[in-house]
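Asker: I'd like to ask some things about the structure below.
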Amino acid sequence: MVRISGKGYGVAGSMTSAEQALFHRKIKTAAELREILGPAPRERKVIMCHGAFDLVHPGHIRHLIYAKSKAQLLVASLTSDVHIEKASNRPFVPENLRAMNLAALEVVDYVVIDPNAKPLANLQIIQPDYFAKGYEYGQDGIHPKTLEEKEVVEGYGGELLFTPGDIVYSSSAIIESARPNLADDKLAYLMDAEGITFDLLREAVRSIDGVKVHVVGDTIVDSFTYCTLVGGNTKTPTFSVRFDRQVDFVGGAGIVAKHMKHAGANVAFTTVLGANPLQQYVVRDLEACGVRCQAVIDETRPTTQKNLFIAGGYRMLKVDSVDNRSISERILNTFCGHLQQTEADAVVFSDFRHGIFNSSTIPQLTRAIPAGPLRVADSQVASRWGNILDFQGFDLITPNEREARFALGDQDSIVRPMALELYRRARCKYLILKLGERGVITYRTPDPNVRSFFTIDSFAGHVVDPVGAGDALLAYATLGLTVTKSPVIASILGSVAAAMACESDGNKPIDPQEVIKRLEQLERRALLDPDHRVPAKQAPGVALQCLQEAVFG
């Protein structure tokens, strides 16, 4: 019997640890399967199917049932995440969860995750009696890749079979037309693979208290001017509105500093402000929340303001007061002095391209960072000129997809290879690429014991204002990485904070206690053993050891 979760495509969320262990026993390596099945000729015939199985749909089920009818044992082989390049956001379901979905099918006897781009090596190792392909692979002549498989199979005495084509469903079509929500399941399996528990995530949030952070970047005052529509001019296309009220928020790098302070960090903030009333508002606001504001006043420029006019809930117009020319040599030297003299566990460059950061100043500011602190850069360039690749050799960078594509001059590649290219060219240690409503993809230094990349779906519920999500992610990801050295924990905490920032209007600091509450909600929803507070399988992960050392000493 196949059990499907309420979400429609994952393994049942109420599965017990005993049931999970049963399914895990089906998942083997090719070498383990060869040992279990033994050499040919075998008493029980073996048939093998291979595919992505990104979403197990009726077409897959028919294919597997037909294959099982031709032999006694069915091996389902699936392509690993790193080799799936069918569309920009694939695979939608990570390989461990795809393997579990197949293992949960009674018709499937064994599952193997193929680390290679083609199943040729595994076919040679396992040597199934039959290798089953979908009818489309032989419909208009055998595909060249299928010919390669046919040669391997027939080379050891096996046979290639084509299953009937009476029903076909496209995983890509399902994913693009009605994307299933597997965020909870995918989170649980990522944590399971990394040996991370929700208790460790909560402890990481609590451990932020007292972390020393130096934020350097452009301050923006985000203003919301609320109006009531009076009417329109009959002679010109001009709207007439009545002013009701204006609400100001400290944004840009300022809200990054406020997020971090609110989370419990000890924050110093170096920025440039104009000599006007908004400058006084920014300083008062930052000092009131406990941020040590090291503002340099430039009498020749305004304090950057972005004023959004709203009427009847509709955003009508945005008026920016900006001066994007580079800071002077005097101000640059002052910034470098602040960097050298401010003690910090992490230094964050929050770049909005309003004068502080450019190709000339970034190398000088980077050299001024003392040895030791975590070095983080985020470049939210929006419609302005800027490039995240100006920040070379940082520990963490957090661009969004548009900024990454702009930096690489690449509008066509699918996301994962594009992200890998950015990771390589930035020479960073970690890359968290923000994908909006699709979540994030994180790259890290390849290691034989951990995967080089992983994805986390968005946790946002009702999205009100997504503009500040990147700032919240930057703040909590930086703090999480500082206290745990784990990019997985950093990505999870950053994603949770980003989701919370999306669910309210304006730039408001994210409360760490609210983050803990959201983690508790995720824990209740995630694919966990209902009788325990941790993932059912406690694989010893690199992240677990790092976090235990960092948090518990």
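Chain labels run A, B, ... following the order of the structure tokens; each chain numbers its residues from 1, and ligands are numbered from 1 in the order shown.
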Please identify all polymer residues within 8 Å of stretch 361-366 of chain A, counting only C-alpha atoms, omitting same-chain residues fewer than 4 positions from it, and present them as a short mmCIF file (atom, residue, chain, number, x, y, z; two decimals) with all heavy atoms, in the first residue's frame.

Answerer:
```cif
data_model
loop_
_atom_site.label_atom_id
_atom_site.label_comp_id
_atom_site.auth_asym_id
_atom_site.auth_seq_id
_atom_site.Cartn_x
_atom_site.Cartn_y
_atom_site.Cartn_z
N LEU A 332 35.98 57.79 2.85
CA LEU A 332 36.49 56.43 2.67
C LEU A 332 37.55 56.11 3.71
O LEU A 332 37.54 55.03 4.32
CB LEU A 332 37.07 56.27 1.26
CG LEU A 332 37.74 54.93 0.94
CD1 LEU A 332 36.77 53.77 1.10
CD2 LEU A 332 38.34 54.95 -0.46
N PHE A 335 35.90 55.44 6.99
CA PHE A 335 35.30 54.10 7.01
C PHE A 335 36.36 53.04 7.27
O PHE A 335 36.15 52.12 8.07
CB PHE A 335 34.61 53.83 5.67
CG PHE A 335 33.17 54.27 5.61
CD1 PHE A 335 32.80 55.53 6.00
CD2 PHE A 335 32.19 53.40 5.16
CE1 PHE A 335 31.48 55.95 5.94
CE2 PHE A 335 30.87 53.79 5.10
CZ PHE A 335 30.51 55.07 5.48
N CYS A 336 37.49 53.16 6.59
CA CYS A 336 38.57 52.18 6.78
C CYS A 336 39.06 52.20 8.23
O CYS A 336 39.35 51.14 8.81
CB CYS A 336 39.72 52.48 5.83
SG CYS A 336 39.35 52.12 4.09
N LEU A 339 36.61 50.29 10.33
CA LEU A 339 36.76 48.85 10.14
C LEU A 339 37.95 48.30 10.91
O LEU A 339 37.87 47.21 11.51
CB LEU A 339 36.92 48.54 8.64
CG LEU A 339 35.64 48.56 7.81
CD1 LEU A 339 35.95 48.62 6.33
CD2 LEU A 339 34.80 47.31 8.12
N ILE A 356 28.64 54.32 -1.18
CA ILE A 356 29.71 53.75 -0.35
C ILE A 356 30.53 52.73 -1.13
O ILE A 356 31.76 52.75 -1.11
CB ILE A 356 29.13 53.12 0.93
CG1 ILE A 356 28.50 54.20 1.82
CG2 ILE A 356 30.22 52.36 1.70
CD1 ILE A 356 27.78 53.65 3.04
N PHE A 357 29.85 51.83 -1.82
CA PHE A 357 30.53 50.72 -2.48
C PHE A 357 30.58 50.92 -4.00
O PHE A 357 29.56 51.21 -4.63
CB PHE A 357 29.82 49.40 -2.16
CG PHE A 357 29.83 49.04 -0.71
CD1 PHE A 357 28.70 49.25 0.08
CD2 PHE A 357 30.96 48.51 -0.12
CE1 PHE A 357 28.70 48.91 1.42
CE2 PHE A 357 30.98 48.17 1.22
CZ PHE A 357 29.84 48.38 2.00
N ASP A 390 32.16 42.07 -7.31
CA ASP A 390 33.15 43.00 -6.78
C ASP A 390 33.65 42.56 -5.41
O ASP A 390 34.74 42.94 -4.98
CB ASP A 390 32.55 44.41 -6.66
CG ASP A 390 32.36 45.08 -8.01
OD1 ASP A 390 33.03 44.67 -8.97
OD2 ASP A 390 31.55 46.01 -8.10
N PHE A 391 32.83 41.76 -4.71
CA PHE A 391 33.20 41.28 -3.37
C PHE A 391 33.85 39.91 -3.51
O PHE A 391 33.17 38.89 -3.56
CB PHE A 391 31.96 41.22 -2.48
CG PHE A 391 31.29 42.55 -2.29
CD1 PHE A 391 30.23 42.93 -3.09
CD2 PHE A 391 31.74 43.42 -1.31
CE1 PHE A 391 29.61 44.16 -2.93
CE2 PHE A 391 31.13 44.66 -1.14
CZ PHE A 391 30.07 45.03 -1.96
#
```

Asker: I'd like the contact shell of stretch 280-282 of chain A - 12 Å cut-off, only C-alpha atoms, skipping same-chain residues fewer than 5 positions apart - returned as a ChimeraX atom specification.

Answerer: /A:218-222,248-255,258,269,271-275,287-289,291-295,297,303-305

Asker: Keeping only N, CA and C atoms, take the residues you just selected and write them out as an mmCIF file, in the first residue's frame.

Answerer:
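Written output follows (part39.cif):
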```cif
data_model
loop_
_atom_site.group_PDB
_atom_site.id
_atom_site.type_symbol
_atom_site.label_atom_id
_atom_site.label_comp_id
_atom_site.auth_asym_id
_atom_site.auth_seq_id
_atom_site.Cartn_x
_atom_site.Cartn_y
_atom_site.Cartn_z
ATOM 1 N N ASP A 218 24.893 51.389 3.092
ATOM 2 C CA ASP A 218 24.047 52.528 2.745
ATOM 3 C C ASP A 218 22.763 52.529 3.565
ATOM 4 N N THR A 219 22.490 53.649 4.217
ATOM 5 C CA THR A 219 21.226 53.816 4.923
ATOM 6 C C THR A 219 20.168 54.337 3.957
ATOM 7 N N ILE A 220 18.973 53.787 4.052
ATOM 8 C CA ILE A 220 17.827 54.256 3.270
ATOM 9 C C ILE A 220 16.672 54.486 4.233
ATOM 10 N N VAL A 221 16.003 55.619 4.120
ATOM 11 C CA VAL A 221 14.768 55.841 4.853
ATOM 12 C C VAL A 221 13.620 55.448 3.927
ATOM 13 N N ASP A 222 12.907 54.401 4.295
ATOM 14 C CA ASP A 222 11.745 53.954 3.527
ATOM 15 C C ASP A 222 10.506 54.625 4.100
ATOM 16 N N ASP A 248 7.681 56.442 8.493
ATOM 17 C CA ASP A 248 9.072 56.269 8.086
ATOM 18 C C ASP A 248 9.685 55.054 8.783
ATOM 19 N N PHE A 249 10.537 54.362 8.040
ATOM 20 C CA PHE A 249 11.293 53.237 8.587
ATOM 21 C C PHE A 249 12.754 53.399 8.171
ATOM 22 N N VAL A 250 13.653 53.056 9.075
ATOM 23 C CA VAL A 250 15.066 52.996 8.699
ATOM 24 C C VAL A 250 15.294 51.703 7.934
ATOM 25 N N GLY A 251 15.752 51.850 6.690
ATOM 26 C CA GLY A 251 15.945 50.680 5.839
ATOM 27 C C GLY A 251 17.362 50.586 5.321
ATOM 28 N N GLY A 252 17.526 49.827 4.223
ATOM 29 C CA GLY A 252 18.857 49.600 3.684
ATOM 30 C C GLY A 252 19.723 48.861 4.682
ATOM 31 N N ALA A 253 20.984 49.248 4.773
ATOM 32 C CA ALA A 253 21.891 48.615 5.731
ATOM 33 C C ALA A 253 21.456 48.895 7.167
ATOM 34 N N GLY A 254 20.684 49.984 7.372
ATOM 35 C CA GLY A 254 20.207 50.308 8.713
ATOM 36 C C GLY A 254 19.294 49.243 9.281
ATOM 37 N N ILE A 255 18.400 48.686 8.456
ATOM 38 C CA ILE A 255 17.499 47.652 8.975
ATOM 39 C C ILE A 255 18.253 46.344 9.196
ATOM 40 N N LYS A 258 19.538 46.780 12.552
ATOM 41 C CA LYS A 258 18.461 46.664 13.538
ATOM 42 C C LYS A 258 18.014 45.211 13.718
ATOM 43 N N PHE A 269 27.456 50.272 13.567
ATOM 44 C CA PHE A 269 26.981 50.543 12.216
ATOM 45 C C PHE A 269 27.686 51.764 11.654
ATOM 46 N N THR A 271 27.989 54.229 8.448
ATOM 47 C CA THR A 271 27.217 54.633 7.285
ATOM 48 C C THR A 271 27.500 56.090 6.973
ATOM 49 N N VAL A 272 26.936 56.571 5.868
ATOM 50 C CA VAL A 272 27.043 57.984 5.523
ATOM 51 C C VAL A 272 25.629 58.553 5.447
ATOM 52 N N LEU A 273 25.445 59.751 6.038
ATOM 53 C CA LEU A 273 24.143 60.414 6.047
ATOM 54 C C LEU A 273 24.304 61.856 5.578
ATOM 55 N N GLY A 274 23.232 62.404 5.052
ATOM 56 C CA GLY A 274 23.234 63.810 4.684
ATOM 57 C C GLY A 274 22.943 64.692 5.890
ATOM 58 N N ALA A 275 23.155 65.980 5.732
ATOM 59 C CA ALA A 275 22.914 66.927 6.832
ATOM 60 C C ALA A 275 21.508 67.499 6.690
ATOM 61 N N GLU A 287 19.894 54.614 17.624
ATOM 62 C CA GLU A 287 20.348 54.660 19.015
ATOM 63 C C GLU A 287 19.268 54.174 19.960
ATOM 64 N N ALA A 288 18.001 54.454 19.631
ATOM 65 C CA ALA A 288 16.900 54.020 20.484
ATOM 66 C C ALA A 288 16.800 52.495 20.561
ATOM 67 N N CYS A 289 17.184 51.816 19.467
ATOM 68 C CA CYS A 289 17.114 50.354 19.497
ATOM 69 C C CYS A 289 18.443 49.718 19.905
ATOM 70 N N VAL A 291 21.625 50.255 18.541
ATOM 71 C CA VAL A 291 22.707 50.153 17.562
ATOM 72 C C VAL A 291 23.684 51.310 17.779
ATOM 73 N N ARG A 292 24.985 50.986 17.822
ATOM 74 C CA ARG A 292 26.009 52.033 17.952
ATOM 75 C C ARG A 292 26.271 52.614 16.570
ATOM 76 N N CYS A 293 25.691 53.781 16.317
ATOM 77 C CA CYS A 293 25.732 54.379 14.979
ATOM 78 C C CYS A 293 26.982 55.234 14.808
ATOM 79 N N GLN A 294 27.861 54.810 13.908
ATOM 80 C CA GLN A 294 29.082 55.540 13.592
ATOM 81 C C GLN A 294 28.878 56.257 12.253
ATOM 82 N N ALA A 295 27.935 57.208 12.238
ATOM 83 C CA ALA A 295 27.568 57.871 10.990
ATOM 84 C C ALA A 295 28.567 58.960 10.633
ATOM 85 N N ILE A 297 28.821 62.300 8.403
ATOM 86 C CA ILE A 297 27.903 63.250 7.795
ATOM 87 C C ILE A 297 28.551 63.886 6.571
ATOM 88 N N THR A 303 20.273 62.537 2.826
ATOM 89 C CA THR A 303 20.076 61.195 3.364
ATOM 90 C C THR A 303 19.119 60.480 2.424
ATOM 91 N N THR A 304 19.508 59.323 1.949
ATOM 92 C CA THR A 304 18.708 58.621 0.945
ATOM 93 C C THR A 304 17.314 58.297 1.473
ATOM 94 N N GLN A 305 16.307 58.682 0.691
ATOM 95 C CA GLN A 305 14.915 58.409 1.055
ATOM 96 C C GLN A 305 14.173 57.855 -0.150
#
```

Asker: Which value, in Å to one decimal, gives the distance between atom CA of A:Ala103 and atom CA of A:His24?

Answerer: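 A separation of 7.4 Å between them.
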
Asker: Excluding A:Leu374 and its own-chain neighbours fewer than 4 positions away, which residues fall within 10 Å of it when counting only C-alpha atoms? Please give them as a ChimeraX atom specification.

Answerer: /A:213,344-348,369-370,394-396,478-479,481-482,485

Asker: Rounded to one decimal, what separation in Å do you get between atom CA of A:Phe406 and atom CA of A:Ile432?

Answerer: 16.1 Å

Asker: So which residues touch A:His462 within 10 Å, counting only C-alpha atoms, skipping near sequence neighbours fewer than 6 positions away, as number ranges by chain?

Answerer: A: 499-500, 502-504

Asker: Between atom CA of A:Gln127 and atom CA of A:Glu154, what distance in Å does the model show, to one decimal?

Answerer: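 Computing it gives 9.9 Å between the two atoms.
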
Asker: Which residues, written as a ChimeraX atom specification, have at least one atom at most 8 Å from A:Thr342, with only C-alpha atoms counted and residues fewer than 4 positions away on the same chain left out?

Answerer: /A:214,268,338

Asker: From the DSSP assignment of the backbone, select every residue of stretch 370-427 of chain A that is strand (DSSP E or B), and format the answer as a PyMOL selection string.

Answerer: chain A and resi 374-379+396-397+400

Asker: Save the residues we just selected, N, CA and C atoms, as a PDB file, in the first residue's frame?

Answerer:
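The result, stored in part_39.pdb:
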```
ATOM      1  N   LEU A 374      34.157  36.878  10.518  1.00  0.00           N
ATOM      2  CA  LEU A 374      33.441  36.375   9.356  1.00  0.00           C
ATOM      3  C   LEU A 374      33.177  37.552   8.424  1.00  0.00           C
ATOM      4  N   ARG A 375      33.427  37.377   7.137  1.00  0.00           N
ATOM      5  CA  ARG A 375      33.255  38.459   6.164  1.00  0.00           C
ATOM      6  C   ARG A 375      32.062  38.141   5.270  1.00  0.00           C
ATOM      7  N   VAL A 376      31.080  39.047   5.275  1.00  0.00           N
ATOM      8  CA  VAL A 376      29.818  38.814   4.569  1.00  0.00           C
ATOM      9  C   VAL A 376      29.525  40.002   3.669  1.00  0.00           C
ATOM     10  N   ALA A 377      28.991  39.744   2.471  1.00  0.00           N
ATOM     11  CA  ALA A 377      28.627  40.830   1.552  1.00  0.00           C
ATOM     12  C   ALA A 377      27.287  40.537   0.903  1.00  0.00           C
ATOM     13  N   ASP A 378      26.505  41.593   0.771  1.00  0.00           N
ATOM     14  CA  ASP A 378      25.216  41.509   0.091  1.00  0.00           C
ATOM     15  C   ASP A 378      25.082  42.757  -0.767  1.00  0.00           C
ATOM     16  N   SER A 379      24.757  42.573  -2.038  1.00  0.00           N
ATOM     17  CA  SER A 379      24.684  43.706  -2.953  1.00  0.00           C
ATOM     18  C   SER A 379      23.308  43.742  -3.594  1.00  0.00           C
ATOM     19  N   LEU A 396      30.744  34.668   3.007  1.00  0.00           N
ATOM     20  CA  LEU A 396      29.350  34.478   2.609  1.00  0.00           C
ATOM     21  C   LEU A 396      28.903  35.645   1.745  1.00  0.00           C
ATOM     22  N   ILE A 397      28.228  35.333   0.622  1.00  0.00           N
ATOM     23  CA  ILE A 397      27.544  36.357  -0.155  1.00  0.00           C
ATOM     24  C   ILE A 397      26.095  35.905  -0.342  1.00  0.00           C
ATOM     25  N   ASN A 400      20.423  37.907  -4.921  1.00  0.00           N
ATOM     26  CA  ASN A 400      19.249  37.236  -5.463  1.00  0.00           C
ATOM     27  C   ASN A 400      19.540  36.805  -6.896  1.00  0.00           C
TER      28      ASN A 400
END
```
